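**Q** One file: model.pdb (PDB, C-alpha atoms, pLDDT in the B column).
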```pdb
MODEL        1
ATOM      1  CA  MET A 207      -9.100  -7.124 -21.744  1.00 47.00           C
ATOM      2  CA  ASN A 208      -6.210  -9.648 -21.725  1.00 66.00           C
ATOM      3  CA  LYS A 209      -3.792  -8.873 -18.902  1.00 78.00           C
ATOM      4  CA  THR A 210      -1.520 -11.910 -19.357  1.00 84.00           C
ATOM      5  CA  ARG A 211       1.241  -9.879 -20.950  1.00 89.00           C
ATOM      6  CA  PHE A 212       1.136  -7.304 -18.169  1.00 93.00           C
ATOM      7  CA  PHE A 213       1.301 -10.092 -15.562  1.00 94.00           C
ATOM      8  CA  GLN A 214       4.423 -11.428 -17.308  1.00 95.00           C
ATOM      9  CA  TRP A 215       5.946  -7.943 -17.223  1.00 96.00           C
ATOM     10  CA  GLU A 216       5.244  -7.670 -13.500  1.00 97.00           C
ATOM     11  CA  VAL A 217       6.914 -11.038 -12.839  1.00 97.00           C
ATOM     12  CA  PHE A 218       9.872  -9.956 -14.984  1.00 97.00           C
ATOM     13  CA  GLY A 219       9.789  -6.680 -13.046  1.00 97.00           C
ATOM     14  CA  PHE A 220      10.446  -8.485  -9.763  1.00 98.00           C
ATOM     15  CA  PHE A 221      13.735  -9.844 -11.114  1.00 98.00           C
ATOM     16  CA  PHE A 222      14.539  -6.600 -12.937  1.00 98.00           C
ATOM     17  CA  ILE A 223      14.098  -4.450  -9.824  1.00 98.00           C
ATOM     18  CA  PHE A 224      15.826  -6.910  -7.509  1.00 98.00           C
ATOM     19  CA  PHE A 225      18.927  -7.528  -9.631  1.00 97.00           C
ATOM     20  CA  LEU A 226      19.326  -4.015 -11.034  1.00 97.00           C
ATOM     21  CA  GLY A 227      18.839  -2.691  -7.506  1.00 96.00           C
ATOM     22  CA  ALA A 228      21.584  -4.982  -6.224  1.00 95.00           C
ATOM     23  CA  LEU A 229      23.910  -3.684  -8.941  1.00 96.00           C
ATOM     24  CA  LEU A 230      23.012  -0.082  -8.158  1.00 95.00           C
ATOM     25  CA  HIS A 231      24.448  -0.610  -4.691  1.00 94.00           C
ATOM     26  CA  MET A 232      27.918  -0.477  -6.250  1.00 94.00           C
ATOM     27  CA  PHE A 233      27.476   2.082  -9.059  1.00 95.00           C
ATOM     28  CA  TYR A 234      28.584   5.083  -7.005  1.00 95.00           C
ATOM     29  CA  GLU A 235      31.810   3.380  -5.972  1.00 94.00           C
ATOM     30  CA  TRP A 236      32.379   2.098  -9.524  1.00 96.00           C
ATOM     31  CA  SER A 237      31.942   5.665 -10.840  1.00 96.00           C
ATOM     32  CA  ASN A 238      34.755   6.903  -8.557  1.00 95.00           C
ATOM     33  CA  GLY A 239      32.352   9.102  -6.645  1.00 93.00           C
ATOM     34  CA  ASN A 240      30.608  10.801  -9.576  1.00 95.00           C
ATOM     35  CA  ILE A 241      27.990  13.094  -8.023  1.00 95.00           C
ATOM     36  CA  ILE A 242      25.495  12.571 -10.852  1.00 95.00           C
ATOM     37  CA  VAL A 243      25.647   8.821 -10.301  1.00 96.00           C
ATOM     38  CA  GLY A 244      25.424   9.469  -6.552  1.00 95.00           C
ATOM     39  CA  ALA A 245      22.222  11.443  -6.961  1.00 95.00           C
ATOM     40  CA  LEU A 246      20.525   8.306  -8.330  1.00 95.00           C
ATOM     41  CA  THR A 247      22.300   5.453  -6.533  1.00 96.00           C
ATOM     42  CA  PRO A 248      23.299   4.729  -2.920  1.00 97.00           C
ATOM     43  CA  VAL A 249      26.260   6.840  -1.759  1.00 96.00           C
ATOM     44  CA  ASN A 250      26.595   5.363   1.734  1.00 95.00           C
ATOM     45  CA  GLU A 251      25.296   2.602   3.974  1.00 94.00           C
ATOM     46  CA  SER A 252      22.263   4.451   5.335  1.00 96.00           C
ATOM     47  CA  ILE A 253      18.869   2.802   5.045  1.00 96.00           C
ATOM     48  CA  TRP A 254      17.592   5.897   3.193  1.00 97.00           C
ATOM     49  CA  GLU A 255      20.219   5.596   0.460  1.00 97.00           C
ATOM     50  CA  HIS A 256      19.400   1.906   0.061  1.00 96.00           C
ATOM     51  CA  LEU A 257      15.839   2.810  -0.907  1.00 98.00           C
ATOM     52  CA  LYS A 258      17.259   4.122  -4.191  1.00 98.00           C
ATOM     53  CA  MET A 259      17.914   0.464  -5.022  1.00 97.00           C
ATOM     54  CA  VAL A 260      14.182  -0.086  -5.575  1.00 98.00           C
ATOM     55  CA  PHE A 261      13.173   3.420  -6.629  1.00 98.00           C
ATOM     56  CA  LEU A 262      15.272   3.833  -9.785  1.00 97.00           C
ATOM     57  CA  PRO A 263      14.652   0.313 -11.164  1.00 98.00           C
ATOM     58  CA  GLY A 264      10.951   0.754 -10.329  1.00 98.00           C
ATOM     59  CA  VAL A 265      10.796   3.965 -12.361  1.00 98.00           C
ATOM     60  CA  VAL A 266      12.696   2.373 -15.258  1.00 98.00           C
ATOM     61  CA  LEU A 267      10.238  -0.544 -15.190  1.00 98.00           C
ATOM     62  CA  LEU A 268       7.342   1.934 -15.224  1.00 97.00           C
ATOM     63  CA  VAL A 269       8.716   3.533 -18.401  1.00 97.00           C
ATOM     64  CA  LEU A 270       9.181   0.133 -20.043  1.00 97.00           C
ATOM     65  CA  GLU A 271       5.643  -0.905 -19.128  1.00 96.00           C
ATOM     66  CA  VAL A 272       4.194   2.355 -20.473  1.00 95.00           C
ATOM     67  CA  VAL A 273       5.802   1.486 -23.815  1.00 94.00           C
ATOM     68  CA  PHE A 274       5.130  -2.263 -23.919  1.00 93.00           C
ATOM     69  CA  CYS A 275       1.943  -2.858 -21.898  1.00 91.00           C
ATOM     70  CA  LYS A 276      -0.745  -1.136 -23.908  1.00 90.00           C
ATOM     71  CA  GLU A 277      -3.471  -3.303 -22.367  1.00 90.00           C
ATOM     72  CA  ILE A 278      -3.177  -1.264 -19.145  1.00 93.00           C
ATOM     73  CA  THR A 279      -4.375   2.335 -19.180  1.00 93.00           C
ATOM     74  CA  PHE A 280      -1.741   4.953 -18.435  1.00 94.00           C
ATOM     75  CA  PRO A 281      -3.537   6.428 -15.387  1.00 95.00           C
ATOM     76  CA  SER A 282      -4.004   2.986 -13.805  1.00 95.00           C
ATOM     77  CA  LEU A 283      -0.389   2.032 -14.492  1.00 96.00           C
ATOM     78  CA  ILE A 284       0.923   5.242 -12.922  1.00 97.00           C
ATOM     79  CA  LEU A 285      -1.176   4.707  -9.798  1.00 97.00           C
ATOM     80  CA  GLY A 286      -0.207   1.040  -9.499  1.00 97.00           C
ATOM     81  CA  LYS A 287       3.513   1.588  -9.994  1.00 98.00           C
ATOM     82  CA  THR A 288       3.603   4.587  -7.644  1.00 98.00           C
ATOM     83  CA  LEU A 289       1.855   2.607  -4.908  1.00 98.00           C
ATOM     84  CA  GLY A 290       4.153  -0.338  -5.582  1.00 98.00           C
ATOM     85  CA  ILE A 291       7.308   1.770  -5.280  1.00 98.00           C
ATOM     86  CA  TYR A 292       6.094   3.410  -2.069  1.00 98.00           C
ATOM     87  CA  ILE A 293       5.231  -0.028  -0.651  1.00 98.00           C
ATOM     88  CA  MET A 294       8.702  -1.310  -1.533  1.00 98.00           C
ATOM     89  CA  CYS A 295      10.326   1.636   0.248  1.00 98.00           C
ATOM     90  CA  GLY A 296       8.007   1.406   3.242  1.00 98.00           C
ATOM     91  CA  THR A 297       8.515  -2.340   3.587  1.00 98.00           C
ATOM     92  CA  ILE A 298      12.292  -1.959   3.541  1.00 98.00           C
ATOM     93  CA  LEU A 299      12.218   0.862   6.100  1.00 97.00           C
ATOM     94  CA  GLY A 300       9.704  -0.754   8.411  1.00 97.00           C
ATOM     95  CA  GLY A 301      11.122  -4.246   8.048  1.00 97.00           C
ATOM     96  CA  PHE A 302      14.687  -3.104   8.727  1.00 96.00           C
ATOM     97  CA  TYR A 303      13.807  -1.189  11.871  1.00 95.00           C
ATOM     98  CA  PHE A 304      11.542  -3.985  13.069  1.00 95.00           C
ATOM     99  CA  TYR A 305      14.048  -6.798  12.735  1.00 95.00           C
ATOM    100  CA  THR A 306      16.942  -4.748  14.128  1.00 93.00           C
ATOM    101  CA  LEU A 307      14.933  -4.266  17.317  1.00 93.00           C
ATOM    102  CA  PHE A 308      15.587  -7.940  18.033  1.00 94.00           C
ATOM    103  CA  ILE A 309      18.849  -8.821  16.305  1.00 93.00           C
ATOM    104  CA  HIS A 310      21.856  -6.998  14.919  1.00 89.00           C
ATOM    105  CA  HIS A 311      21.930  -6.021  11.252  1.00 87.00           C
ATOM    106  CA  VAL A 312      22.415  -9.152   9.087  1.00 91.00           C
ATOM    107  CA  LEU A 313      23.139  -8.948   5.342  1.00 91.00           C
ATOM    108  CA  ILE A 314      21.140 -12.043   4.369  1.00 96.00           C
ATOM    109  CA  ILE A 315      18.081 -10.667   6.169  1.00 96.00           C
ATOM    110  CA  ASP A 316      18.527  -7.373   4.301  1.00 95.00           C
ATOM    111  CA  ILE A 317      18.600  -9.265   1.008  1.00 96.00           C
ATOM    112  CA  LEU A 318      15.488 -11.264   1.932  1.00 97.00           C
ATOM    113  CA  LEU A 319      13.782  -8.068   3.068  1.00 97.00           C
ATOM    114  CA  MET A 320      14.503  -6.452  -0.291  1.00 97.00           C
ATOM    115  CA  ALA A 321      13.077  -9.497  -2.097  1.00 98.00           C
ATOM    116  CA  ILE A 322       9.930  -9.413   0.057  1.00 98.00           C
ATOM    117  CA  ALA A 323       9.564  -5.658  -0.475  1.00 98.00           C
ATOM    118  CA  VAL A 324       9.910  -5.959  -4.248  1.00 98.00           C
ATOM    119  CA  ALA A 325       7.468  -8.875  -4.358  1.00 98.00           C
ATOM    120  CA  LEU A 326       4.877  -6.959  -2.310  1.00 98.00           C
ATOM    121  CA  GLY A 327       5.329  -3.859  -4.441  1.00 98.00           C
ATOM    122  CA  GLN A 328       4.933  -5.808  -7.653  1.00 98.00           C
ATOM    123  CA  VAL A 329       1.810  -7.620  -6.394  1.00 98.00           C
ATOM    124  CA  VAL A 330       0.194  -4.314  -5.428  1.00 98.00           C
ATOM    125  CA  SER A 331       1.272  -2.768  -8.716  1.00 97.00           C
ATOM    126  CA  TYR A 332      -0.275  -5.626 -10.670  1.00 97.00           C
ATOM    127  CA  PHE A 333      -3.594  -5.690  -8.848  1.00 95.00           C
ATOM    128  CA  VAL A 334      -4.065  -1.922  -8.800  1.00 96.00           C
ATOM    129  CA  SER A 335      -2.906  -1.365 -12.383  1.00 95.00           C
ATOM    130  CA  SER A 336      -4.948  -4.209 -13.837  1.00 93.00           C
ATOM    131  CA  ARG A 337      -8.152  -3.795 -11.820  1.00 92.00           C
ATOM    132  CA  VAL A 338      -8.602  -0.133 -10.951  1.00 88.00           C
ATOM    133  CA  GLU A 339      -9.647   2.471 -13.484  1.00 89.00           C
ATOM    134  CA  ILE A 340      -8.903   6.018 -12.370  1.00 89.00           C
ATOM    135  CA  GLY A 341      -9.211   9.507 -13.746  1.00 90.00           C
ATOM    136  CA  ARG A 342      -6.586  11.999 -14.750  1.00 91.00           C
ATOM    137  CA  ALA A 343      -6.576  13.826 -11.414  1.00 94.00           C
ATOM    138  CA  LEU A 344      -5.494  10.743  -9.447  1.00 95.00           C
ATOM    139  CA  ALA A 345      -2.981   9.841 -12.148  1.00 95.00           C
ATOM    140  CA  LEU A 346      -1.514  13.338 -11.912  1.00 96.00           C
ATOM    141  CA  LEU A 347      -1.357  13.075  -8.118  1.00 97.00           C
ATOM    142  CA  SER A 348       0.430   9.726  -8.501  1.00 97.00           C
ATOM    143  CA  LEU A 349       2.985  11.278 -10.848  1.00 97.00           C
ATOM    144  CA  VAL A 350       3.523  14.165  -8.441  1.00 98.00           C
ATOM    145  CA  MET A 351       4.062  11.727  -5.553  1.00 98.00           C
ATOM    146  CA  LEU A 352       6.537   9.678  -7.582  1.00 98.00           C
ATOM    147  CA  PHE A 353       8.371  12.821  -8.687  1.00 98.00           C
ATOM    148  CA  ALA A 354       8.430  14.111  -5.088  1.00 98.00           C
ATOM    149  CA  LEU A 355      10.059  10.900  -3.886  1.00 98.00           C
ATOM    150  CA  GLY A 356      12.671  11.174  -6.636  1.00 98.00           C
ATOM    151  CA  VAL A 357      13.395  14.788  -5.696  1.00 98.00           C
ATOM    152  CA  ALA A 358      13.681  13.774  -2.032  1.00 98.00           C
ATOM    153  CA  PHE A 359      16.289  11.146  -2.927  1.00 97.00           C
ATOM    154  CA  VAL A 360      18.380  13.696  -4.816  1.00 97.00           C
ATOM    155  CA  VAL A 361      18.039  16.517  -2.275  1.00 97.00           C
ATOM    156  CA  PHE A 362      18.679  14.290   0.749  1.00 97.00           C
ATOM    157  CA  THR A 363      21.775  12.860  -0.904  1.00 97.00           C
ATOM    158  CA  PHE A 364      23.336  16.309  -0.771  1.00 97.00           C
ATOM    159  CA  ILE A 365      21.486  17.902   2.170  1.00 96.00           C
ATOM    160  CA  PRO A 366      20.409  15.039   4.427  1.00 96.00           C
ATOM    161  CA  PRO A 367      18.594  15.535   7.710  1.00 96.00           C
ATOM    162  CA  HIS A 368      20.668  14.347  10.644  1.00 96.00           C
ATOM    163  CA  TRP A 369      18.161  11.615  11.519  1.00 96.00           C
ATOM    164  CA  GLU A 370      18.791   7.929  11.995  1.00 94.00           C
ATOM    165  CA  PRO A 371      17.514   6.687   8.575  1.00 95.00           C
ATOM    166  CA  PHE A 372      20.006   9.011   6.849  1.00 96.00           C
ATOM    167  CA  LYS A 373      23.017   7.987   8.966  1.00 95.00           C
ATOM    168  CA  ASP A 374      25.733   5.884   7.337  1.00 94.00           C
ATOM    169  CA  SER A 375      26.010   2.753   9.494  1.00 91.00           C
ATOM    170  CA  LEU A 376      29.732   2.427   8.738  1.00 90.00           C
ATOM    171  CA  THR A 377      31.054   5.984   9.076  1.00 93.00           C
ATOM    172  CA  GLY A 378      28.356   7.730  11.081  1.00 93.00           C
ATOM    173  CA  GLY A 379      28.273  10.414   8.367  1.00 94.00           C
ATOM    174  CA  PHE A 380      25.321  11.711   6.401  1.00 95.00           C
ATOM    175  CA  GLY A 381      24.795  12.028   2.655  1.00 92.00           C
ATOM    176  CA  ILE A 382      27.429  12.180  -0.021  1.00 92.00           C
ATOM    177  CA  GLN A 383      30.970  12.550   1.323  1.00 81.00           C
TER     178      GLN A 383
ENDMDL
END
```
Please rewrite the model in this file as C-alpha coordinates.
**A**
Amino acid sequence: MNKTRFFQWEVFGFFFIFFLGALLHMFYEWSNGNIIVGALTPVNESIWEHLKMVFLPGVVLLVLEVVFCKEITFPSLILGKTLGIYIMCGTILGGFYFYTLFIHHVLIIDILLMAIAVALGQVVSYFVSSRVEIGRALALLSLVMLFALGVAFVVFTFIPPHWEPFKDSLTGGFGIQ
(Lines of atoms letter the chains of each structure in order from A and count residues from 1; the text may use other names and numbers.)
(Lines give C-alpha, C1' and ligand atoms only; values in the text may rest on other atoms or scores of the structure.)
Protein backbone atom coordinates (compact mmCIF):
# COMPACT_ATOMS: atom_id res chain seq x y z
CA MET A 1 0.00 0.00 0.00
CA ASN A 2 1.50 3.36 -1.08
CA LYS A 3 1.47 5.82 1.82
CA THR A 4 3.36 8.65 0.08
CA ARG A 5 0.24 10.72 -0.42
CA PHE A 6 -0.77 10.33 3.21
CA PHE A 7 2.74 11.36 4.31
CA GLN A 8 2.39 14.51 2.18
CA TRP A 9 -0.97 15.23 3.81
CA GLU A 10 0.57 14.86 7.27
CA VAL A 11 3.38 17.29 6.38
CA PHE A 12 0.80 19.71 4.96
CA GLY A 13 -1.19 19.10 8.15
CA PHE A 14 1.64 20.46 10.30
CA PHE A 15 1.44 23.82 8.51
CA PHE A 16 -2.36 23.70 8.32
CA ILE A 17 -2.78 23.11 12.06
CA PHE A 18 -0.06 25.56 13.06
CA PHE A 19 -1.18 28.50 10.91
CA LEU A 20 -4.94 27.97 11.21
CA GLY A 21 -4.45 27.56 14.96
CA ALA A 22 -2.57 30.85 15.11
CA LEU A 23 -5.43 32.55 13.27
CA LEU A 24 -8.01 30.97 15.56
CA HIS A 25 -6.40 32.82 18.45
CA MET A 26 -8.02 36.01 17.14
CA PHE A 27 -11.35 34.73 15.75
CA TYR A 28 -13.34 35.35 18.93
CA GLU A 29 -12.19 38.96 19.13
CA TRP A 30 -12.75 39.44 15.38
CA SER A 31 -16.31 38.10 15.78
CA ASN A 32 -17.08 40.79 18.40
CA GLY A 33 -17.59 38.16 21.07
CA ASN A 34 -19.91 35.80 19.18
CA ILE A 35 -20.60 32.91 21.57
CA ILE A 36 -20.76 30.33 18.78
CA VAL A 37 -17.30 31.35 17.61
CA GLY A 38 -16.19 31.37 21.26
CA ALA A 39 -17.31 27.79 21.74
CA LEU A 40 -14.77 26.69 19.11
CA THR A 41 -11.94 29.22 19.47
CA PRO A 42 -9.99 30.71 22.39
CA VAL A 43 -12.04 33.24 24.39
CA ASN A 44 -9.33 34.24 26.87
CA GLU A 45 -5.65 33.81 27.65
CA SER A 46 -5.93 30.59 29.66
CA ILE A 47 -3.81 27.63 28.64
CA TRP A 48 -6.99 25.53 28.34
CA GLU A 49 -8.54 27.87 25.78
CA HIS A 50 -5.31 27.85 23.78
CA LEU A 51 -5.65 24.10 23.29
CA LYS A 52 -8.56 24.86 20.94
CA MET A 53 -5.89 26.22 18.57
CA VAL A 54 -4.75 22.66 17.80
CA PHE A 55 -8.01 20.80 18.40
CA LEU A 56 -10.24 22.43 15.78
CA PRO A 57 -7.63 22.47 12.97
CA GLY A 58 -6.76 18.86 13.89
CA VAL A 59 -10.39 17.81 13.49
CA VAL A 60 -10.71 19.71 10.20
CA LEU A 61 -7.56 17.97 8.95
CA LEU A 62 -9.03 14.61 9.99
CA VAL A 63 -12.12 15.28 7.87
CA LEU A 64 -9.99 16.31 4.89
CA GLU A 65 -7.83 13.20 5.22
CA VAL A 66 -10.90 10.94 5.45
CA VAL A 67 -11.98 12.36 2.08
CA PHE A 68 -8.60 12.52 0.32
CA CYS A 69 -6.44 9.76 1.84
CA LYS A 70 -8.16 6.57 0.78
CA GLU A 71 -4.95 4.56 1.18
CA ILE A 72 -5.40 4.72 4.98
CA THR A 73 -8.25 2.76 6.53
CA PHE A 74 -10.84 4.81 8.38
CA PRO A 75 -10.37 3.05 11.75
CA SER A 76 -6.59 3.51 11.64
CA LEU A 77 -6.93 7.16 10.63
CA ILE A 78 -9.36 7.89 13.47
CA LEU A 79 -7.03 6.28 16.02
CA GLY A 80 -3.95 8.06 14.67
CA LYS A 81 -5.54 11.50 14.50
CA THR A 82 -7.15 11.16 17.93
CA LEU A 83 -3.83 10.17 19.49
CA GLY A 84 -2.12 12.98 17.60
CA ILE A 85 -4.58 15.61 18.83
CA TYR A 86 -4.32 14.39 22.43
CA ILE A 87 -0.52 14.45 22.17
CA MET A 88 -0.62 18.01 20.84
CA CYS A 89 -2.80 19.12 23.76
CA GLY A 90 -0.75 17.22 26.32
CA THR A 91 2.53 18.57 24.97
CA ILE A 92 1.27 22.15 25.13
CA LEU A 93 -0.06 21.71 28.67
CA GLY A 94 2.95 19.86 30.01
CA GLY A 95 5.48 21.97 28.15
CA PHE A 96 3.92 25.24 29.29
CA TYR A 97 3.83 24.28 32.95
CA PHE A 98 7.32 22.82 32.77
CA TYR A 99 9.02 25.83 31.24
CA THR A 100 7.14 28.33 33.42
CA LEU A 101 8.59 26.59 36.48
CA PHE A 102 11.93 28.11 35.49
CA ILE A 103 11.16 31.30 33.58
CA HIS A 104 8.25 33.67 33.17
CA HIS A 105 5.80 33.16 30.32
CA VAL A 106 7.47 34.11 27.00
CA LEU A 107 5.50 34.39 23.73
CA ILE A 108 8.25 33.03 21.47
CA ILE A 109 8.57 29.94 23.67
CA ASP A 110 4.80 29.47 23.46
CA ILE A 111 5.00 29.62 19.67
CA LEU A 112 7.89 27.14 19.59
CA LEU A 113 6.01 24.89 22.01
CA MET A 114 2.98 24.90 19.72
CA ALA A 115 5.19 24.00 16.74
CA ILE A 116 6.81 21.15 18.68
CA ALA A 117 3.41 19.91 19.87
CA VAL A 118 1.95 19.94 16.35
CA ALA A 119 5.03 18.20 14.94
CA LEU A 120 4.88 15.47 17.61
CA GLY A 121 1.15 15.01 17.08
CA GLN A 122 1.55 14.74 13.33
CA VAL A 123 4.43 12.23 13.63
CA VAL A 124 2.36 10.03 15.95
CA SER A 125 -0.66 10.41 13.69
CA TYR A 126 1.35 9.34 10.66
CA PHE A 127 2.99 6.32 12.24
CA VAL A 128 -0.15 5.03 13.95
CA SER A 129 -2.46 5.68 10.99
CA SER A 130 -0.12 4.18 8.41
CA ARG A 131 1.16 1.18 10.38
CA VAL A 132 -1.53 0.02 12.78
CA GLU A 133 -4.64 -1.82 11.65
CA ILE A 134 -7.42 -1.76 14.23
CA GLY A 135 -10.97 -2.97 14.54
CA ARG A 136 -14.20 -1.07 14.77
CA ALA A 137 -14.35 -1.13 18.57
CA LEU A 138 -11.09 0.80 18.97
CA ALA A 139 -12.08 3.16 16.17
CA LEU A 140 -15.37 3.84 17.95
CA LEU A 141 -13.54 4.43 21.23
CA SER A 142 -11.22 6.86 19.42
CA LEU A 143 -14.20 8.77 18.02
CA VAL A 144 -15.80 8.89 21.46
CA MET A 145 -12.57 10.24 22.98
CA LEU A 146 -12.26 12.89 20.27
CA PHE A 147 -15.91 13.87 20.69
CA ALA A 148 -15.49 14.00 24.49
CA LEU A 149 -12.58 16.41 24.15
CA GLY A 150 -14.63 18.61 21.83
CA VAL A 151 -17.54 18.61 24.28
CA ALA A 152 -15.15 19.48 27.12
CA PHE A 153 -13.88 22.50 25.17
CA VAL A 154 -17.42 23.78 24.63
CA VAL A 155 -18.69 23.08 28.15
CA PHE A 156 -15.60 24.49 29.88
CA THR A 157 -15.82 27.65 27.79
CA PHE A 158 -19.14 28.42 29.45
CA ILE A 159 -18.80 26.56 32.78
CA PRO A 160 -15.08 26.37 33.52
CA PRO A 161 -13.65 24.83 36.67
CA HIS A 162 -11.86 27.40 38.79
CA TRP A 163 -8.50 25.65 38.35
CA GLU A 164 -5.24 27.12 37.14
CA PRO A 165 -5.33 25.82 33.52
CA PHE A 166 -8.70 27.55 33.02
CA LYS A 167 -7.62 30.91 34.49
CA ASP A 168 -7.15 33.84 32.12
CA SER A 169 -3.57 35.02 32.67
CA LEU A 170 -4.51 38.63 31.87
CA THR A 171 -7.77 39.16 33.77
CA GLY A 172 -7.77 36.36 36.31
CA GLY A 173 -11.26 35.42 35.07
CA PHE A 174 -12.52 32.07 33.86
CA GLY A 175 -14.29 31.11 30.64
CA ILE A 176 -16.21 33.37 28.33
CA GLN A 177 -16.81 36.86 29.73
**Q** Pick the closest to Arg337 (chain A) from A:Val249, A:Met259, A:Leu285, A:Ala354: which is it, counting all atoms listed in the file?
**A** A:Leu285
**Q** Given the PyMOL selection byres ((chain A and resi 312-320) around 9) and the file above, list the residues it selects as a list in words.
**A**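 Applying the PyMOL selection byres ((chain A and resi 312-320) around 9) to the structure shown produces Phe224, Ala228, Val260, Met294, Thr297, Ile298, Gly301, Phe302, Tyr305, Thr306, Ile309, His310, His311, Ala321, Ile322, Ala323, Val324 and Ala325 of chain A.
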**Q** How many Å separate CA of Ile241 (chain A) from CA of Leu349 (chain A)?
**A**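 Between these atoms lies a distance of 25.2 Å.
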**Q** Run the PyMOL selection byres ((chain A and resi 371) around 8) mentally over the shown coordinates, then write out the matched residues as a PDB file with C-alpha atoms, keeping the file's coordinate frame, using the chain letters and numbers from the document.
**A**
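This went into expr.pdb:
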```pdb
ATOM      1  CA  SER A 252      22.263   4.451   5.335  1.00 96.00           C
ATOM      2  CA  ILE A 253      18.869   2.802   5.045  1.00 96.00           C
ATOM      3  CA  TRP A 254      17.592   5.897   3.193  1.00 97.00           C
ATOM      4  CA  TRP A 369      18.161  11.615  11.519  1.00 96.00           C
ATOM      5  CA  GLU A 370      18.791   7.929  11.995  1.00 94.00           C
ATOM      6  CA  PHE A 372      20.006   9.011   6.849  1.00 96.00           C
ATOM      7  CA  LYS A 373      23.017   7.987   8.966  1.00 95.00           C
TER       8      LYS A 373
END
```
**Q** Report the distance between CA of His368 (chain A) and CA of Gly227 (chain A) in Å, rounded to one decimal place.
**A** 25.0 Å
**Q** On this structure, the PyMOL selection byres ((chain A and resi 245) around 10) would catch which residues? List them as number ranges by chain, sorted by chain and number.
**A** A: 234, 240-244, 246-249, 255, 258, 356-357, 359-364, 381-382
**Q** Using only C-alpha atoms for the distances, tell me which of A:Val350, A:Val272, A:Leu376, A:Leu307 is nearest to Thr288 (chain A).
**A**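 That would be A:Val350, the residue with the smallest distance to Thr288 (chain A).
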**Q** Quick one: everything within 10 Å of Val329 (chain A), counting all atoms listed in the file, minus sequence neighbours fewer than 2 positions away in the same chain. Send it as an mmCIF file with C-alpha atoms, in the frame of the given file.
**A**
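Written out: part33.cif:
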```cif
data_model
loop_
_atom_site.group_PDB
_atom_site.id
_atom_site.type_symbol
_atom_site.label_atom_id
_atom_site.label_comp_id
_atom_site.auth_asym_id
_atom_site.auth_seq_id
_atom_site.Cartn_x
_atom_site.Cartn_y
_atom_site.Cartn_z
ATOM 1 C CA PHE A 213 1.301 -10.092 -15.562
ATOM 2 C CA GLU A 216 5.244 -7.670 -13.500
ATOM 3 C CA VAL A 217 6.914 -11.038 -12.839
ATOM 4 C CA PHE A 220 10.446 -8.485 -9.763
ATOM 5 C CA GLY A 286 -0.207 1.040 -9.499
ATOM 6 C CA GLY A 290 4.153 -0.338 -5.582
ATOM 7 C CA ALA A 323 9.564 -5.658 -0.475
ATOM 8 C CA VAL A 324 9.910 -5.959 -4.248
ATOM 9 C CA ALA A 325 7.468 -8.875 -4.358
ATOM 10 C CA LEU A 326 4.877 -6.959 -2.310
ATOM 11 C CA GLY A 327 5.329 -3.859 -4.441
ATOM 12 C CA SER A 331 1.272 -2.768 -8.716
ATOM 13 C CA TYR A 332 -0.275 -5.626 -10.670
ATOM 14 C CA PHE A 333 -3.594 -5.690 -8.848
ATOM 15 C CA VAL A 334 -4.065 -1.922 -8.800
ATOM 16 C CA SER A 335 -2.906 -1.365 -12.383
#
```
**Q** Using the file's own x, y and z axes, so that the box edges lie along x, y and z, what centre and edge lengths in Å (one decimal) does a box around every listed atom of region 329-334 of chain A get when 8 Å is added on each side? Give it as AutoDock Vina command-line options.
**A**
```
--center_x -1.1 --center_y -4.8 --center_z -8.0 --size_x 21.9 --size_y 21.7 --size_z 21.2
```
**Q** Could you state the separation of CA of Glu235 (chain A) and CA of Pro367 (chain A) in Å, given to one decimal place?
**A**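 For CA of Glu235 (chain A) relative to CA of Pro367 (chain A), the distance reads 22.6 Å.
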**Q** Which of these, A:Trp215, A:Phe304, A:Phe233, A:Phe353, has the shortest distance to Leu270 (chain A) once you count all atoms listed in the file?
**A** A:Trp215
**Q** Considering all atoms listed in the file, state which residue in the set A:Pro281, A:Gly239, A:Gly264, A:Gly378 is at the smallest distance from Val338 (chain A).
**A**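 Using all atoms listed in the file, Val338 (chain A) sits closest to A:Pro281.
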**Q** Kindly provide, as a PDB file with C-alpha atoms, in the frame of the given file, the polymer residues lying within 8 Å of (19.6, -0.3, -13.7), counting only C-alpha atoms and using the coordinates exactly as they appear in the file.
**A**
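What follows is the written file result16.pdb:
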```
ATOM      1  CA  ILE A 223      14.098  -4.450  -9.824  1.00 98.00           C
ATOM      2  CA  LEU A 226      19.326  -4.015 -11.034  1.00 97.00           C
ATOM      3  CA  GLY A 227      18.839  -2.691  -7.506  1.00 96.00           C
ATOM      4  CA  LEU A 229      23.910  -3.684  -8.941  1.00 96.00           C
ATOM      5  CA  LEU A 230      23.012  -0.082  -8.158  1.00 95.00           C
ATOM      6  CA  LEU A 262      15.272   3.833  -9.785  1.00 97.00           C
ATOM      7  CA  PRO A 263      14.652   0.313 -11.164  1.00 98.00           C
ATOM      8  CA  VAL A 266      12.696   2.373 -15.258  1.00 98.00           C
TER       9      VAL A 266
END
```
**Q** With all atoms listed in the file as the basis for distance, which of A:Thr377, A:Ser237, A:Ser282, A:Asn250 is at the shortest distance from Ser336 (chain A)?
**A**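 Ranked by minimum distance to Ser336 (chain A), first place goes to A:Ser282.
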